[in-house]
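Asks: My questions all concern the structure below.
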Amino acid sequence: LAENGDFVFSSDDKTMLYQVRSMASTGPVSHIWRAEVTESGWSEQAPLPEPVNTPHFESFASDTAAGTLYFFSRRPGGKGRSDLWRCPLAGGRYAGAVNLASLNTEYDEWDPFVAPDESYLIFCSTKPGGLGRDDLYITFKTEDGIWGQPVNMGPEVNSSGSENRPCVTRDGKYFFFTSTRNGSRDVFWVKAEYLEQFKRK
């Protein structure tokens, strides 16, 4: 049986990107699907094509206003068990998937949320040096068009528990994330202006 999860609305607020997970003989398989909001309801649901989806594990997609897709995958060719990947959209088709090697580590990186203008990226990592099991980090794109050094988002967001599933509202006012700091996975938020302090570091 398939399970759905990791729902994220696209930058146009009309497309839902989500995970469809199932079990195979080799273990869990996860793909990214999409469905669009129409005047009559949801459109037909369909998986994203290669090179986004592979026979391996893909989930938690977020896109820019130009359609470039960010997601995490457990496909071969990465640095850790779960890595961040990027697929540009060109001519209505996704170009080859690019591993975000400067951000990935030998540990797990997942749940990327990219700003619509691709100016910053928030993601989750289990690398050492965090406050808990997995922490949220933010990186800003430099003038050279590369991602800057990721910065831990601090105790206002991270805790000794697990933090993931980041999302900034489309009006740019609020930052939502989930945390297990109180024993169960709950939703928390801060004003998005909180992000600006990390840009100066």
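Residues are named by chain letter and number: chains run A, B, ... in the order of the structure tokens, numbers start at 1 in each chain, and ligands are numbered from 1 in the order shown.
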Report the residues of chain A whose backbone DSSP state falls under alpha helix (DSSP H), written as a ChimeraX atom specification.
Replies: /A:196-199
Asks: Excluding Ser30 (chain A) and its own-chain neighbours fewer than 2 positions away, which residues fall within 6 Å of it when counting only C-alpha atoms? Please give them as a PyMOL selection string.
Replies: chain A and resi 20-21+57-58
Asks: Convert the current residue selection to file output with all heavy atoms, as a CSV table (one decimal), in the first residue's frame.
Replies:
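Once written, again.csv looks like this:
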chain,number,residue,atom,x,y,z
A,20,VAL,N,4.9,10.1,-2.5
A,20,VAL,CA,4.2,8.8,-2.5
A,20,VAL,C,5.2,7.7,-2.2
A,20,VAL,O,6.1,7.5,-2.9
A,20,VAL,CB,3.5,8.6,-3.9
A,20,VAL,CG1,2.8,7.2,-3.9
A,20,VAL,CG2,2.5,9.6,-4.2
A,21,ARG,N,4.9,7.1,-1.1
A,21,ARG,CA,5.9,6.1,-0.6
A,21,ARG,C,5.3,4.7,-0.6
A,21,ARG,O,4.1,4.5,-0.2
A,21,ARG,CB,6.3,6.5,0.9
A,21,ARG,CG,7.3,5.5,1.5
A,21,ARG,CD,7.8,6.0,2.8
A,21,ARG,NE,8.6,5.0,3.5
A,21,ARG,CZ,9.5,5.3,4.5
A,21,ARG,NH1,9.7,6.6,4.8
A,21,ARG,NH2,10.1,4.4,5.1
A,57,PHE,N,15.0,6.8,-3.7
A,57,PHE,CA,14.1,7.4,-2.8
A,57,PHE,C,14.2,8.9,-3.0
A,57,PHE,O,15.3,9.5,-2.8
A,57,PHE,CB,14.5,7.1,-1.4
A,57,PHE,CG,13.6,7.5,-0.3
A,57,PHE,CD1,12.8,6.5,0.4
A,57,PHE,CD2,13.5,8.8,0.1
A,57,PHE,CE1,11.9,6.9,1.4
A,57,PHE,CE2,12.6,9.1,1.2
A,57,PHE,CZ,11.8,8.2,1.8
A,58,GLU,N,13.1,9.6,-3.3
A,58,GLU,CA,13.0,11.1,-3.5
A,58,GLU,C,11.9,11.6,-2.7
A,58,GLU,O,10.8,11.0,-2.7
A,58,GLU,CB,12.9,11.5,-5.0
A,58,GLU,CG,14.1,11.3,-5.8
A,58,GLU,CD,14.4,9.9,-6.3
A,58,GLU,OE1,13.4,9.2,-6.5
A,58,GLU,OE2,15.5,9.5,-6.4
Asks: Smallest atom-to-atom distance to Ser62 (chain A): which of A:Tyr94, A:Phe9, A:Phe140, A:Trp42, using only C-alpha atoms?
Replies: A:Phe9
Asks: Can you check which parts of region 41-154 of chain A lie within 12 Å of region 181-192 of chain A? Per residue, the shortest pair of atoms and distance in Å to one decimal, counting only C-alpha atoms, sorted by chain and number, as CSV.
Replies:
residue,atom,partner,partner_atom,distance
A:Ala115,CA,A:Ala192,CA,11.7
A:Leu131,CA,A:Arg181,CA,11.1
A:Gly132,CA,A:Arg181,CA,9.4
A:Arg133,CA,A:Arg181,CA,10.7
A:Asp134,CA,A:Arg181,CA,11.5
A:Asp135,CA,A:Arg181,CA,11.6
A:Met153,CA,A:Val190,CA,11.6
Asks: Grab the residues selected above and save them as a PDB file, in the first residue's frame with C-alpha atoms.
Replies:
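Written file, out20.pdb:
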ATOM      1  CA  ALA A 115      12.994  30.914  -1.743  1.00  0.00           C
ATOM      2  CA  LEU A 131      21.713  21.214  18.920  1.00  0.00           C
ATOM      3  CA  GLY A 132      19.822  17.951  18.460  1.00  0.00           C
ATOM      4  CA  ARG A 133      19.246  14.898  16.307  1.00  0.00           C
ATOM      5  CA  ASP A 134      18.662  16.961  13.174  1.00  0.00           C
ATOM      6  CA  ASP A 135      18.776  20.732  12.881  1.00  0.00           C
ATOM      7  CA  MET A 153      19.362  28.559  12.702  1.00  0.00           C
TER       8      MET A 153
END
Asks: Nearest to Pro47 (chain A) among A:Gln19, A:Phe71, A:Ile146, A:Thr64, with distances taken over only C-alpha atoms: which residue is it?
Replies: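 When distances to Pro47 (chain A) are compared using only C-alpha atoms, the smallest one comes from A:Gln19.
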Asks: Taking into account only C-alpha atoms, which residue in the set A:Val157, A:Ile32, A:Ala95, A:Cys87 is nearest to Ile138 (chain A)?
Replies: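 Closest to Ile138 (chain A) of all the choices is A:Val157.
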Asks: Determine, counting only C-alpha atoms, which protein, DNA and RNA residues have an atom within 9 Å of an atom of region 119-129 of chain A; residues of the same chain fewer than 6 positions away are not included. Present the result as a PDB file with N, CA and C atoms, in the first residue's frame.
Replies:
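For reference, selection03.pdb as written:
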ATOM      1  N   LEU A  84      20.932  16.619  -0.906  1.00  0.00           N
ATOM      2  CA  LEU A  84      20.139  17.647  -1.577  1.00  0.00           C
ATOM      3  C   LEU A  84      20.496  17.661  -3.057  1.00  0.00           C
ATOM      4  N   ASN A 104      26.050  19.278   0.918  1.00  0.00           N
ATOM      5  CA  ASN A 104      25.885  17.913   1.403  1.00  0.00           C
ATOM      6  C   ASN A 104      27.107  17.437   2.172  1.00  0.00           C
ATOM      7  N   THR A 105      26.880  16.487   3.082  1.00  0.00           N
ATOM      8  CA  THR A 105      27.952  15.907   3.885  1.00  0.00           C
ATOM      9  C   THR A 105      27.808  14.392   3.864  1.00  0.00           C
ATOM     10  N   GLU A 106      28.670  13.710   4.594  1.00  0.00           N
ATOM     11  CA  GLU A 106      28.557  12.261   4.708  1.00  0.00           C
ATOM     12  C   GLU A 106      27.354  11.862   5.560  1.00  0.00           C
ATOM     13  N   TYR A 107      26.711  12.843   6.196  1.00  0.00           N
ATOM     14  CA  TYR A 107      25.530  12.577   7.009  1.00  0.00           C
ATOM     15  C   TYR A 107      24.274  12.793   6.173  1.00  0.00           C
ATOM     16  N   ASP A 108      23.129  12.986   6.781  1.00  0.00           N
ATOM     17  CA  ASP A 108      21.874  13.151   6.046  1.00  0.00           C
ATOM     18  C   ASP A 108      21.529  14.622   5.888  1.00  0.00           C
ATOM     19  N   GLU A 109      21.261  15.035   4.664  1.00  0.00           N
ATOM     20  CA  GLU A 109      20.673  16.340   4.376  1.00  0.00           C
ATOM     21  C   GLU A 109      19.345  16.088   3.682  1.00  0.00           C
ATOM     22  N   TRP A 110      18.304  16.816   4.116  1.00  0.00           N
ATOM     23  CA  TRP A 110      16.982  16.570   3.538  1.00  0.00           C
ATOM     24  C   TRP A 110      16.086  17.786   3.731  1.00  0.00           C
ATOM     25  N   ASP A 111      14.843  17.670   3.286  1.00  0.00           N
ATOM     26  CA  ASP A 111      13.795  18.683   3.456  1.00  0.00           C
ATOM     27  C   ASP A 111      14.245  20.091   3.043  1.00  0.00           C
ATOM     28  N   PRO A 112      14.625  20.293   1.778  1.00  0.00           N
ATOM     29  CA  PRO A 112      15.038  21.635   1.346  1.00  0.00           C
ATOM     30  C   PRO A 112      13.845  22.532   1.034  1.00  0.00           C
ATOM     31  N   PHE A 113      13.888  23.761   1.509  1.00  0.00           N
ATOM     32  CA  PHE A 113      12.910  24.776   1.106  1.00  0.00           C
ATOM     33  C   PHE A 113      13.686  25.917   0.469  1.00  0.00           C
ATOM     34  N   ASP A 135      18.986  19.295  12.731  1.00  0.00           N
ATOM     35  CA  ASP A 135      18.776  20.732  12.881  1.00  0.00           C
ATOM     36  C   ASP A 135      18.474  21.375  11.538  1.00  0.00           C
ATOM     37  N   LEU A 136      17.897  22.563  11.584  1.00  0.00           N
ATOM     38  CA  LEU A 136      17.658  23.340  10.380  1.00  0.00           C
ATOM     39  C   LEU A 136      18.796  24.335  10.176  1.00  0.00           C
ATOM     40  N   TYR A 137      19.241  24.429   8.915  1.00  0.00           N
ATOM     41  CA  TYR A 137      20.314  25.324   8.513  1.00  0.00           C
ATOM     42  C   TYR A 137      19.817  26.216   7.379  1.00  0.00           C
ATOM     43  N   ILE A 138      20.433  27.382   7.234  1.00  0.00           N
ATOM     44  CA  ILE A 138      20.069  28.287   6.148  1.00  0.00           C
ATOM     45  C   ILE A 138      21.340  28.718   5.418  1.00  0.00           C
ATOM     46  N   THR A 139      21.258  28.832   4.103  1.00  0.00           N
ATOM     47  CA  THR A 139      22.357  29.324   3.289  1.00  0.00           C
ATOM     48  C   THR A 139      21.819  30.350   2.309  1.00  0.00           C
ATOM     49  N   PHE A 140      22.591  31.378   2.052  1.00  0.00           N
ATOM     50  CA  PHE A 140      22.198  32.434   1.118  1.00  0.00           C
ATOM     51  C   PHE A 140      23.091  32.371  -0.117  1.00  0.00           C
ATOM     52  N   LYS A 141      22.516  32.689  -1.265  1.00  0.00           N
ATOM     53  CA  LYS A 141      23.286  32.698  -2.501  1.00  0.00           C
ATOM     54  C   LYS A 141      24.153  33.953  -2.542  1.00  0.00           C
ATOM     55  N   THR A 142      25.411  33.783  -2.903  1.00  0.00           N
ATOM     56  CA  THR A 142      26.346  34.893  -2.951  1.00  0.00           C
ATOM     57  C   THR A 142      26.219  35.636  -4.282  1.00  0.00           C
ATOM     58  N   TRP A 147      26.171  28.919  -3.324  1.00  0.00           N
ATOM     59  CA  TRP A 147      25.584  28.895  -1.990  1.00  0.00           C
ATOM     60  C   TRP A 147      26.663  29.162  -0.952  1.00  0.00           C
ATOM     61  N   PRO A 150      26.503  27.162   5.083  1.00  0.00           N
ATOM     62  CA  PRO A 150      25.257  27.002   5.848  1.00  0.00           C
ATOM     63  C   PRO A 150      25.433  27.409   7.308  1.00  0.00           C
ATOM     64  N   ASN A 152      23.660  27.294  11.187  1.00  0.00           N
ATOM     65  CA  ASN A 152      22.640  26.718  12.059  1.00  0.00           C
ATOM     66  C   ASN A 152      21.674  27.817  12.485  1.00  0.00           C
ATOM     67  N   GLU A 163      14.212  18.821  14.252  1.00  0.00           N
ATOM     68  CA  GLU A 163      13.528  19.897  13.526  1.00  0.00           C
ATOM     69  C   GLU A 163      13.645  19.654  12.023  1.00  0.00           C
ATOM     70  N   ASN A 164      12.535  19.749  11.320  1.00  0.00           N
ATOM     71  CA  ASN A 164      12.564  19.617   9.869  1.00  0.00           C
ATOM     72  C   ASN A 164      11.300  20.213   9.251  1.00  0.00           C
ATOM     73  N   ARG A 165      11.066  19.920   7.962  1.00  0.00           N
ATOM     74  CA  ARG A 165       9.927  20.397   7.173  1.00  0.00           C
ATOM     75  C   ARG A 165       9.777  21.928   7.202  1.00  0.00           C
ATOM     76  N   PRO A 166      10.818  22.650   6.802  1.00  0.00           N
ATOM     77  CA  PRO A 166      10.751  24.115   6.812  1.00  0.00           C
ATOM     78  C   PRO A 166       9.883  24.666   5.691  1.00  0.00           C
ATOM     79  N   CYS A 167       9.268  25.808   5.937  1.00  0.00           N
ATOM     80  CA  CYS A 167       8.444  26.461   4.917  1.00  0.00           C
ATOM     81  C   CYS A 167       8.241  27.929   5.289  1.00  0.00           C
TER      82      CYS A 167
END
Asks: So which residues touch Gly92 (chain A) within 12 Å, counting only C-alpha atoms, skipping near sequence neighbours fewer than 5 positions away, as JSON, numbers by chain?
Replies: {"A": [49, 66, 67, 68, 87]}
Asks: Would you save the residues from that selection as an mmCIF file, in the first residue's frame, using all heavy atoms?
Replies:
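To be explicit, this is the file written out as result_25.cif:
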data_model
loop_
_atom_site.group_PDB
_atom_site.id
_atom_site.type_symbol
_atom_site.label_atom_id
_atom_site.label_comp_id
_atom_site.auth_asym_id
_atom_site.auth_seq_id
_atom_site.Cartn_x
_atom_site.Cartn_y
_atom_site.Cartn_z
ATOM 1 N N PRO A 49 8.719 13.265 -13.753
ATOM 2 C CA PRO A 49 9.539 12.378 -14.592
ATOM 3 C C PRO A 49 10.992 12.350 -14.134
ATOM 4 O O PRO A 49 11.420 13.136 -13.283
ATOM 5 C CB PRO A 49 9.408 13.017 -15.976
ATOM 6 C CG PRO A 49 9.258 14.478 -15.672
ATOM 7 C CD PRO A 49 8.428 14.547 -14.420
ATOM 8 N N ALA A 66 10.999 30.293 -11.152
ATOM 9 C CA ALA A 66 11.399 29.902 -12.504
ATOM 10 C C ALA A 66 11.207 28.418 -12.752
ATOM 11 O O ALA A 66 11.418 27.943 -13.871
ATOM 12 C CB ALA A 66 12.861 30.282 -12.739
ATOM 13 N N GLY A 67 10.801 27.669 -11.720
ATOM 14 C CA GLY A 67 10.526 26.253 -11.880
ATOM 15 C C GLY A 67 11.645 25.319 -11.492
ATOM 16 O O GLY A 67 11.481 24.091 -11.558
ATOM 17 N N THR A 68 12.803 25.855 -11.081
ATOM 18 C CA THR A 68 13.898 24.986 -10.643
ATOM 19 C C THR A 68 13.478 24.232 -9.393
ATOM 20 O O THR A 68 12.970 24.827 -8.443
ATOM 21 C CB THR A 68 15.163 25.809 -10.354
ATOM 22 O OG1 THR A 68 15.573 26.438 -11.564
ATOM 23 C CG2 THR A 68 16.288 24.927 -9.840
ATOM 24 N N CYS A 87 17.170 20.400 -9.842
ATOM 25 C CA CYS A 87 16.852 20.156 -11.246
ATOM 26 C C CYS A 87 16.304 21.444 -11.867
ATOM 27 O O CYS A 87 15.185 21.857 -11.544
ATOM 28 C CB CYS A 87 15.795 19.056 -11.394
ATOM 29 S SG CYS A 87 16.439 17.396 -11.460
#
Asks: Looking at A:Pro76, A:Glu3, A:Arg34, A:Thr15, which one is nearest to His56 (chain A), with distances taken over only C-alpha atoms?
Replies: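 Distance minimum relative to His56 (chain A) lands on A:Pro76.
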Asks: When you draw a straight line from CA of Gly130 (chain A) to CA of Thr180 (chain A), how long is it in Å?
Replies: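 Computing the Euclidean distance for CA of Gly130 (chain A) and CA of Thr180 (chain A) yields 14.8 Å.
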Asks: Considering only C-alpha atoms, return as a PyMOL selection string whatever protein or nucleic-acid residues lie within 12 Å of Thr38 (chain A), sequence-local ones (same chain, fewer than 4 positions apart) excluded.
Replies: chain A and resi 13-16+42-44
Asks: Please, what distance in Å, to one decimal, runs between CA of Ser40 (chain A) and CA of Ala90 (chain A)?
Replies: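 So the answer is 28.8 Å.
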Asks: When you draw a straight line from CA of Leu195 (chain A) to CA of Ser82 (chain A), how long is it in Å?
Replies: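 Taking CA of Leu195 (chain A) and CA of Ser82 (chain A), their separation equals 24.7 Å.
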Asks: Tell me, which residues of region 15-123 of chain A carry DSSP strand (DSSP E), written as a PyMOL selection string?
Replies: chain A and resi 15-24+27-38+41-42+46-47+58-63+69-73+83-87+89-90+93-94+98-99+109-114+120-123
Asks: Measuring between only C-alpha atoms, which one of A:Gly91, A:Pro28, A:Gly96, A:Gly148 shows the shortest distance to Glu50 (chain A)?
Replies: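 Distance minimum relative to Glu50 (chain A) lands on A:Gly96.
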